[in-house]
Amino acid sequence: MRIRFVMPALAAAAALTGTAFTFTAPTTAGSSALHELTYGSKILLQNQYQGDGGYLDTNGLSQQHGATYDVSTNQTPNSRGPQTSVWKVVSATGKANGSHVTSGDVVYLVNQYSTGTYLDTNGHSTRSGAKYDVSTTATKNRGPGTSKWHIFGETSSPADGRIRTDDVVNLLNDYGSANGGFLDANGVSGQQGGAKYDVTTSHYTDRGPGTGSWKVLPAS
């Protein structure tokens with residue numbers, strides 16, 4: 001009788017099959033290359049204002065022209081509805097699912113509630129220090145580049161340009177040739193159902209301490 005042994009790395013990979021977040025096997029010894037974000041992955045984005053500004057979330061029907069849902073942050077992910085805090089990372093430049101997400105890439109963020117809608121800038125915001133309102137839309141690029149986001153990692157380990165779990169990123173909207181502002185938490189939200197802060201864009205990466213910084217977390 002032949003006894004088959006399963007290598008630990010293969011067993012770990014098998015255990016991860018079917019999870020929402022895509023992990024890439026290490027290319028060198030150790031775990032430095034684990035948890036690399038790839039296209040097609042589903043993630044949570046936790047705002048870093050005061051260490052926990054809540055999770056990027058869709059909340060209620062939007063009144064903006066061409067929009068589907070309002071966007072705010074929520075203290076607890078997916079507590080308002082099924083997958084309202086889950087976002088699928090899709091390349092806006094044609095990169096294949098499974099390929100690495102690199103700092104500086106242009107992405108779509110597709111909310112997984114219901115049939116899926118695209119994170120989008122829509123109209124000037126009246127919030128202090130804000131640039132545009134943020135909502136979701138059923139059709140990508142409702143306006144020129146309004147649903148495209150440049151993703152910039154603050155740092156990672158190793159420093160090879162790839163985005164990983166627990167990395168903090170800034171997201172710059174592409175409207176007006178990358179002039180749509182940085183995704184930002186701004187002021188207490190008036191939305192019901194567990195909303196924490198309103199979400200707009202800002203001229204600055206961090207309008208306030210951590211308001212434009214978002215931690216990448218796997219969606220379970």
# chains A, B, ... in the order shown; residues from 1 in each chain; ligands from 1

call {"tool": "residues_around", "arguments": {"residues": "A:Val168", "least_positions_apart": "3", "cutoff": "10 Å", "atoms": "only C-alpha atoms", "output": "compact mmCIF listing (two decimals) with C-alpha atoms, in the first residue's frame"}}
result
# COMPACT_ATOMS: atom_id res chain seq x y z
CA LEU A 45 -12.37 48.43 3.34
CA GLN A 46 -12.02 49.76 6.88
CA ASN A 47 -11.62 53.51 7.22
CA GLN A 48 -8.73 54.54 9.48
CA PHE A 152 -2.20 53.50 -3.95
CA GLY A 153 -0.64 51.44 -1.16
CA GLU A 154 0.96 53.41 1.67
CA THR A 155 3.50 50.61 2.20
CA SER A 156 3.75 46.82 2.14
CA ILE A 163 -1.18 45.22 -2.27
CA ARG A 164 -1.69 42.79 0.63
CA THR A 165 -4.11 42.02 3.43
CA GLY A 210 -6.88 58.77 8.54
CA GLY A 212 -8.79 59.02 3.40
CA SER A 213 -6.95 55.86 4.45
CA TRP A 214 -8.58 52.43 4.08
CA LYS A 215 -7.31 49.08 5.38
CA VAL A 216 -7.75 46.12 3.00
CA LEU A 217 -9.31 43.14 4.78

call {"tool": "residues_around", "arguments": {"residues": "A:Thr126", "least_positions_apart": "2", "cutoff": "12 Å", "atoms": "only C-alpha atoms", "output": "list in words"}}
result
Gly123, His124, Ser128, Gly129, Ala130, Lys131, Tyr132, Asp133, Val134, Asn186, Gly187, Asp198, Val199, Thr200, Thr201 and Ser202 of chain A

call {"tool": "select_by_dssp", "arguments": {"residues": "chain A", "states": "helix (DSSP H, G or I)", "output": "PyMOL selection string"}}
result
chain A and resi 8-16+49-51+175-178

call {"tool": "atom_distance", "arguments": {"atom1": "atom CA of A:Leu109", "atom2": "atom CA of A:Gly194"}}
result
21.6 Å

call {"tool": "residues_around", "arguments": {"residues": "A:Val188", "least_positions_apart": "5", "cutoff": "10 Å", "atoms": "only C-alpha atoms", "output": "MDAnalysis selection string"}}
result
chainID A and resid 72:73 195:199

call {"tool": "select_by_dssp", "arguments": {"residues": "stretch 30-175 of chain A", "states": "strand (DSSP E)", "output": "ChimeraX atom specification"}}
result
/A:42-47,54-61,69-74,87-91,106-111,117-124,130-137,149-153,168-173

call {"tool": "closest_residue", "arguments": {"among": "A:Ala178, A:Ala219, A:Ala159, A:Leu171", "to": "A:Tyr55", "atoms": "only C-alpha atoms"}}
result
A:Ala219

call {"tool": "closest_atom_pairs", "arguments": {"of": "stretch 170-219 of chain A", "to": "stretch 145-148 of chain A", "cutoff": "10 Å", "atoms": "only C-alpha atoms", "output": "CSV"}}
result
residue,atom,partner,partner_atom,distance
A:Leu171,CA,A:Lys148,CA,9.5
A:Leu172,CA,A:Lys148,CA,8.4
A:Asn173,CA,A:Lys148,CA,5.9
A:Asp174,CA,A:Gly145,CA,4.8
A:Tyr175,CA,A:Gly145,CA,4.4
A:Gly176,CA,A:Gly145,CA,7.1
A:Ser177,CA,A:Gly145,CA,7.5
A:Ala178,CA,A:Gly145,CA,7.9
A:Asn179,CA,A:Gly145,CA,9.6
A:Gly180,CA,A:Thr146,CA,7.5
